[in-house]
2 protein chains.
Amino acid sequence: MSTISKENYLKAIFCHISEMENNASTSRIANHLSISSSAISDMAKKLSKEGLVKYEKYKGIMLTPHGEKAALKVIRRHRLWELFLMNVLGLDWSEVHDEAEKLEHYSSEFLIDRIDEYLGHPDFDPHGHPIPKKNGSIPEIPNVILLAEAETNNKYELIRVNDKESELINFLKKVGLKLNSKLEIVDKLDYDNSISVMFNKKNITLSKKVTDNLFVRLIEE
Amino acid sequence: MSTISKENYLKAIFCHISEMENNASTSRIANHLSISSSAISDMAKKLSKEGLVKYEKYKGIMLTPHGEKAALKVIRRHRLWELFLMNVLGLDWSEVHDEAEKLEHYSSEFLIDRIDEYLGHPDFDPHGHPIPKKNGSIPEIPNVILLAEAETNNKYELIRVNDKESELINFLKKVGLKLNSKLEIVDKLDYDNSISVMFNKKNITLSKKVTDNLFVRLIEE
DNA sequence: CTTAATTGTTAAGCAAGCTTAACTTTACCA
DNA sequence: TGGTAAAGTTAAGCTTGCTTAACAATTAAG
């Protein structure tokens, strides 16, 4: 049976699988969920018994097709709520994540479909993340790269922001960066891996910590 | 600290206090929450320690002013969600209760205030129940009585429906009764305490079970 | 005013989901 | 290749919120 806790595990595992290789390590998930790693081992066994996860001791955790489906459902709920709270209730970019993190576990599929419908079956949430469709498919944007990997003198469009840390969102608000902002890479500084960008006719420097959490798309060479 | 479970206890206690006398009995609450009565005794002690409830063994449970405030907050969340789901997302009269029952525990005060604002600070939910204000006050309708206590030959307006049992709502939908429907009492049948009413130029008979859960206001003698 | 029925309480125990502490496996580096 | 640090696992124990079973108080009825 699926509980709130299990939904969060599946979501966390999904994130770490998609970013890295095909399996998620205990400690990464523990860190992500702010939970001891022994709890992860425990839960891995339970999820494995339920067929949501492939788990071998000391070998990491992998989602089964069944588990991936379940994870995508939760992510779908989360991202639809985020967009809904922002578009309809006027919540702020930095406020929606935490609210959605709770609501995602307590909305019936029926309600979620109504929200989806109300929003016109959107493809992306307010942070630029794709919203999984009811059938499990994931909308994609071609040629997305990390800002950290962008090249000097090229122009890019900001299309995705990691929403895990609300501090980042606040930082972006302060700087004035938004989704779809255009920026040009002026310089990459080897010393601290920071990047100097031209944005809105101003020159700002973004640290590695920032550029590792922003995704862009090339718009002009 | 307030948990989901405690919120539900406070809500349940509040309901049974307002309908009956000044204190709620263990078994009524147990019944309302579908939980064993030993669990109620247990929780009564905990809530008492937190100052939310006045509890003396074998003497029933009473909300403290602090506890009542907490209960009203939960009820406010519930009723605002109900109205929001119905007005904005188009959910049905019979669908909103169960969804709201979950969402009420996972919405920040901030979010609730946004919903309240969006709806224009409404006074009543879709079932005609008053929505407690942010300051704890409760909108009132004068001269509300149970349909079971209505008098023959008078005309009444249906203004409140108990939403605890979704079967009742489905029954009303089938019959065609809605909030603000006008009805005239044709006869009260002593044998089974049912009531015969004229509504929409049709004559229907409502059982005691139904009339005990509908509230009306006299509109014409 | 006593007694049976009803109602309420206590005690013991269970499941979920965590923790910390002790232990095991793996991976890496000299 | 062997030894150690890092990563992962197991075991024991805690809290919350429930259960059932046994026991206690209250109430209602003759």
# chains A, B, ... in the order shown; residues from 1 in each chain; ligands from 1
>>> select_by_dssp(residues="chain B", states="strand (DSSP E or B)", output="number ranges by chain")
B: 24, 53-55, 61-63, 124, 130, 144-146, 155-161, 182-189, 194-199, 202-206, 214-220
>>> write_last_selection(atoms="N, CA and C atoms", output="short mmCIF file (atom, residue, chain, number, x, y, z; two decimals), in the first residue's frame")
data_model
loop_
_atom_site.label_atom_id
_atom_site.label_comp_id
_atom_site.auth_asym_id
_atom_site.auth_seq_id
_atom_site.Cartn_x
_atom_site.Cartn_y
_atom_site.Cartn_z
N ALA B 24 -18.92 16.79 25.26
CA ALA B 24 -19.09 15.69 24.32
C ALA B 24 -18.77 14.37 25.00
N VAL B 53 -8.39 21.10 25.84
CA VAL B 53 -9.62 20.42 26.22
C VAL B 53 -9.71 20.35 27.75
N LYS B 54 -10.92 20.41 28.26
CA LYS B 54 -11.11 20.17 29.68
C LYS B 54 -11.67 18.77 29.79
N TYR B 55 -10.96 17.92 30.52
CA TYR B 55 -11.35 16.52 30.56
C TYR B 55 -11.29 16.00 31.99
N ILE B 61 -15.96 15.51 27.63
CA ILE B 61 -14.88 16.37 27.14
C ILE B 61 -15.45 17.72 26.74
N MET B 62 -14.71 18.76 27.05
CA MET B 62 -15.16 20.11 26.74
C MET B 62 -13.99 20.86 26.12
N LEU B 63 -14.23 21.67 25.14
CA LEU B 63 -13.15 22.46 24.56
C LEU B 63 -12.83 23.66 25.46
N PHE B 124 -20.73 31.43 3.82
CA PHE B 124 -21.27 30.07 3.93
C PHE B 124 -20.66 29.12 2.90
N PRO B 130 -21.82 27.88 8.11
CA PRO B 130 -21.06 29.13 8.20
C PRO B 130 -19.55 28.87 8.16
N VAL B 144 -32.93 29.59 12.16
CA VAL B 144 -32.72 28.30 11.52
C VAL B 144 -33.33 27.21 12.38
N ILE B 145 -34.11 26.34 11.79
CA ILE B 145 -34.62 25.18 12.53
C ILE B 145 -34.44 23.91 11.72
N LEU B 146 -34.50 22.80 12.40
CA LEU B 146 -34.47 21.51 11.71
C LEU B 146 -35.76 21.34 10.92
N LYS B 155 -44.28 27.67 4.85
CA LYS B 155 -43.31 27.55 3.76
C LYS B 155 -41.91 27.84 4.29
N TYR B 156 -40.97 27.04 3.84
CA TYR B 156 -39.59 27.19 4.32
C TYR B 156 -38.62 27.20 3.15
N GLU B 157 -37.43 27.71 3.45
CA GLU B 157 -36.34 27.65 2.48
C GLU B 157 -35.26 26.73 3.04
N LEU B 158 -34.76 25.85 2.22
CA LEU B 158 -33.68 24.94 2.65
C LEU B 158 -32.38 25.72 2.68
N ILE B 159 -31.77 25.81 3.84
CA ILE B 159 -30.55 26.63 3.90
C ILE B 159 -29.32 25.91 4.43
N ARG B 160 -29.50 24.69 4.90
CA ARG B 160 -28.29 23.97 5.37
C ARG B 160 -28.52 22.48 5.29
N VAL B 161 -27.44 21.76 4.92
CA VAL B 161 -27.51 20.32 4.74
C VAL B 161 -26.32 19.69 5.44
N LYS B 182 -37.41 26.06 -2.12
CA LYS B 182 -38.55 26.43 -1.26
C LYS B 182 -39.46 25.22 -1.11
N LEU B 183 -39.92 24.99 0.09
CA LEU B 183 -40.83 23.87 0.28
C LEU B 183 -41.91 24.17 1.31
N GLU B 184 -43.05 23.54 1.07
CA GLU B 184 -44.19 23.76 1.97
C GLU B 184 -44.53 22.45 2.68
N ILE B 185 -44.73 22.58 3.99
CA ILE B 185 -45.04 21.37 4.76
C ILE B 185 -46.52 21.04 4.56
N VAL B 186 -46.77 19.88 3.96
CA VAL B 186 -48.14 19.48 3.70
C VAL B 186 -48.71 18.69 4.88
N ASP B 187 -47.88 17.82 5.42
CA ASP B 187 -48.37 16.97 6.51
C ASP B 187 -47.20 16.39 7.30
N LYS B 188 -47.45 16.20 8.58
CA LYS B 188 -46.45 15.51 9.40
C LYS B 188 -47.08 14.20 9.86
N LEU B 189 -46.42 13.11 9.56
CA LEU B 189 -47.00 11.80 9.83
C LEU B 189 -46.45 11.24 11.13
N SER B 194 -42.24 10.88 9.52
CA SER B 194 -41.86 11.42 8.22
C SER B 194 -42.69 12.67 7.93
N ILE B 195 -42.23 13.45 6.96
CA ILE B 195 -42.91 14.70 6.62
C ILE B 195 -43.22 14.73 5.14
N SER B 196 -44.42 15.15 4.84
CA SER B 196 -44.82 15.26 3.44
C SER B 196 -44.69 16.72 3.02
N VAL B 197 -43.89 17.00 1.98
CA VAL B 197 -43.69 18.38 1.57
C VAL B 197 -44.05 18.60 0.11
N MET B 198 -44.41 19.84 -0.19
CA MET B 198 -44.69 20.25 -1.55
C MET B 198 -43.44 20.98 -2.03
N PHE B 199 -42.92 20.50 -3.13
CA PHE B 199 -41.68 21.13 -3.61
C PHE B 199 -41.65 21.05 -5.12
N LYS B 202 -44.36 19.30 -6.81
CA LYS B 202 -44.51 17.86 -6.60
C LYS B 202 -44.61 17.60 -5.11
N ASN B 203 -45.25 16.50 -4.79
CA ASN B 203 -45.39 16.14 -3.39
C ASN B 203 -44.44 15.00 -3.08
N ILE B 204 -43.52 15.22 -2.14
CA ILE B 204 -42.63 14.12 -1.76
C ILE B 204 -42.63 13.93 -0.26
N THR B 205 -42.32 12.71 0.14
CA THR B 205 -42.28 12.39 1.57
C THR B 205 -40.83 12.20 1.99
N LEU B 206 -40.47 12.88 3.08
CA LEU B 206 -39.10 12.79 3.58
C LEU B 206 -39.09 12.10 4.93
N LEU B 214 -31.58 18.23 7.66
CA LEU B 214 -31.82 19.41 6.83
C LEU B 214 -32.26 20.57 7.72
N PHE B 215 -31.74 21.75 7.41
CA PHE B 215 -32.11 22.93 8.18
C PHE B 215 -32.84 23.92 7.26
N VAL B 216 -33.87 24.54 7.81
CA VAL B 216 -34.69 25.43 6.98
C VAL B 216 -34.95 26.75 7.73
N ARG B 217 -35.45 27.71 6.95
CA ARG B 217 -35.83 28.99 7.54
C ARG B 217 -37.24 29.31 7.07
N LEU B 218 -38.07 29.76 7.96
CA LEU B 218 -39.45 30.11 7.63
C LEU B 218 -39.46 31.29 6.67
N ILE B 219 -40.22 31.17 5.58
CA ILE B 219 -40.29 32.33 4.69
C ILE B 219 -41.70 32.87 4.54
N GLU B 220 -42.69 32.10 4.91
CA GLU B 220 -44.07 32.56 4.70
C GLU B 220 -44.99 31.71 5.55
#
>>> interface_residues(of="chain A", to="chain C", cutoff="8 Å", atoms="only C-alpha atoms (C1' of nucleotides)", output="list in words")
Ser36, Ala39 and Tyr58 of chain A
>>> closest_residue(among="B:Ser166, B:Asn213, B:Asn153, B:Ser107", to="chain A", atoms="only C-alpha atoms")
B:Ser107
>>> interface_residues(of="chain B", to="chain A", cutoff="12 Å", atoms="only C-alpha atoms", output="MDAnalysis selection string")
chainID B and resid 84:86 88:92 95:96 98:119
>>> interface_residues(of="chain B", to="chain D", cutoff="10 Å", atoms="only C-alpha atoms (C1' of nucleotides)", output="list in words")
Thr3, Ser5, Ile35, Ser36, Ser38, Ala39, Asp42, Met43, Lys57, Tyr58 and Lys59 of chain B
>>> residues_around(residues="B:His32", least_positions_apart="6", cutoff="10 Å", atoms="only C-alpha atoms (C1' of nucleotides)", output="ChimeraX atom specification")
/B:9,12-13,15-16,26,164
>>> write_last_selection(atoms="N, CA and C atoms", output="CSV table (one decimal), in the first residue's frame")
chain,number,residue,atom,x,y,z
B,9,TYR,N,-9.9,15.3,16.1
B,9,TYR,CA,-10.6,15.2,17.4
B,9,TYR,C,-11.2,16.5,17.8
B,12,ALA,N,-14.3,17.1,15.8
B,12,ALA,CA,-15.4,16.2,16.2
B,12,ALA,C,-16.0,16.7,17.5
B,13,ILE,N,-15.1,17.1,18.5
B,13,ILE,CA,-15.6,17.5,19.8
B,13,ILE,C,-16.4,18.8,19.6
B,15,CYS,N,-18.2,19.7,17.0
B,15,CYS,CA,-19.5,19.4,16.4
B,15,CYS,C,-20.4,18.9,17.5
B,16,HIS,N,-20.0,18.0,18.4
B,16,HIS,CA,-20.9,17.4,19.3
B,16,HIS,C,-21.2,18.3,20.5
B,26,THR,N,-17.6,10.4,25.2
B,26,THR,CA,-16.6,9.6,24.6
B,26,THR,C,-17.2,8.8,23.4
B,164,LYS,N,-22.0,15.3,6.5
B,164,LYS,CA,-21.2,14.2,6.9
B,164,LYS,C,-21.5,12.9,6.1
>>> select_by_dssp(residues="stretch 101-220 of chain A", states="helix (DSSP H, G or I)", output="ChimeraX atom specification")
/A:101-103,109-118,147-149,166-175,208-211
>>> atom_distance(atom1="atom CA of A:Leu147", atom2="atom CA of A:Asp212")
6.6 Å
>>> residues_around(residues="A:Lys69", least_positions_apart="3", cutoff="12 Å", atoms="only C-alpha atoms (C1' of nucleotides)", output="ChimeraX atom specification")
/A:7,10-11,14,51-53,63-66,72-76,132-138
>>> decode(residues="chain D", atoms="C-alpha atoms (C1' of nucleotides)", output="short mmCIF file (atom, residue, chain, number, x, y, z; two decimals), in the first residue's frame")
data_model
loop_
_atom_site.label_atom_id
_atom_site.label_comp_id
_atom_site.auth_asym_id
_atom_site.auth_seq_id
_atom_site.Cartn_x
_atom_site.Cartn_y
_atom_site.Cartn_z
"C1'" DT D 1 47.18 -6.92 -2.39
"C1'" DG D 2 46.02 -5.41 2.08
"C1'" DG D 3 44.19 -2.02 5.05
"C1'" DT D 4 41.33 1.64 6.03
"C1'" DA D 5 37.75 5.15 5.13
"C1'" DA D 6 33.31 5.59 3.37
"C1'" DA D 7 29.01 3.69 2.46
"C1'" DG D 8 25.48 0.56 3.68
"C1'" DT D 9 22.99 -2.63 6.86
"C1'" DT D 10 21.15 -4.63 11.12
"C1'" DA D 11 19.42 -4.38 15.67
"C1'" DA D 12 17.26 -2.30 19.40
"C1'" DG D 13 14.39 1.20 20.84
"C1'" DC D 14 11.18 5.32 20.59
"C1'" DT D 15 6.70 7.85 19.40
"C1'" DT D 16 2.11 8.21 17.57
"C1'" DG D 17 -2.19 6.48 17.11
"C1'" DC D 18 -4.59 2.87 16.89
"C1'" DT D 19 -6.59 -2.10 18.55
"C1'" DT D 20 -8.70 -5.70 21.80
"C1'" DA D 21 -9.61 -7.43 26.31
"C1'" DA D 22 -10.31 -6.79 30.96
"C1'" DC D 23 -11.81 -3.88 34.43
"C1'" DA D 24 -14.36 0.32 36.72
"C1'" DA D 25 -17.87 3.85 37.10
"C1'" DT D 26 -22.32 5.56 36.08
"C1'" DT D 27 -27.09 5.22 35.00
"C1'" DA D 28 -31.49 3.50 34.81
"C1'" DA D 29 -34.98 0.20 36.14
"C1'" DG D 30 -37.33 -2.72 38.96
#
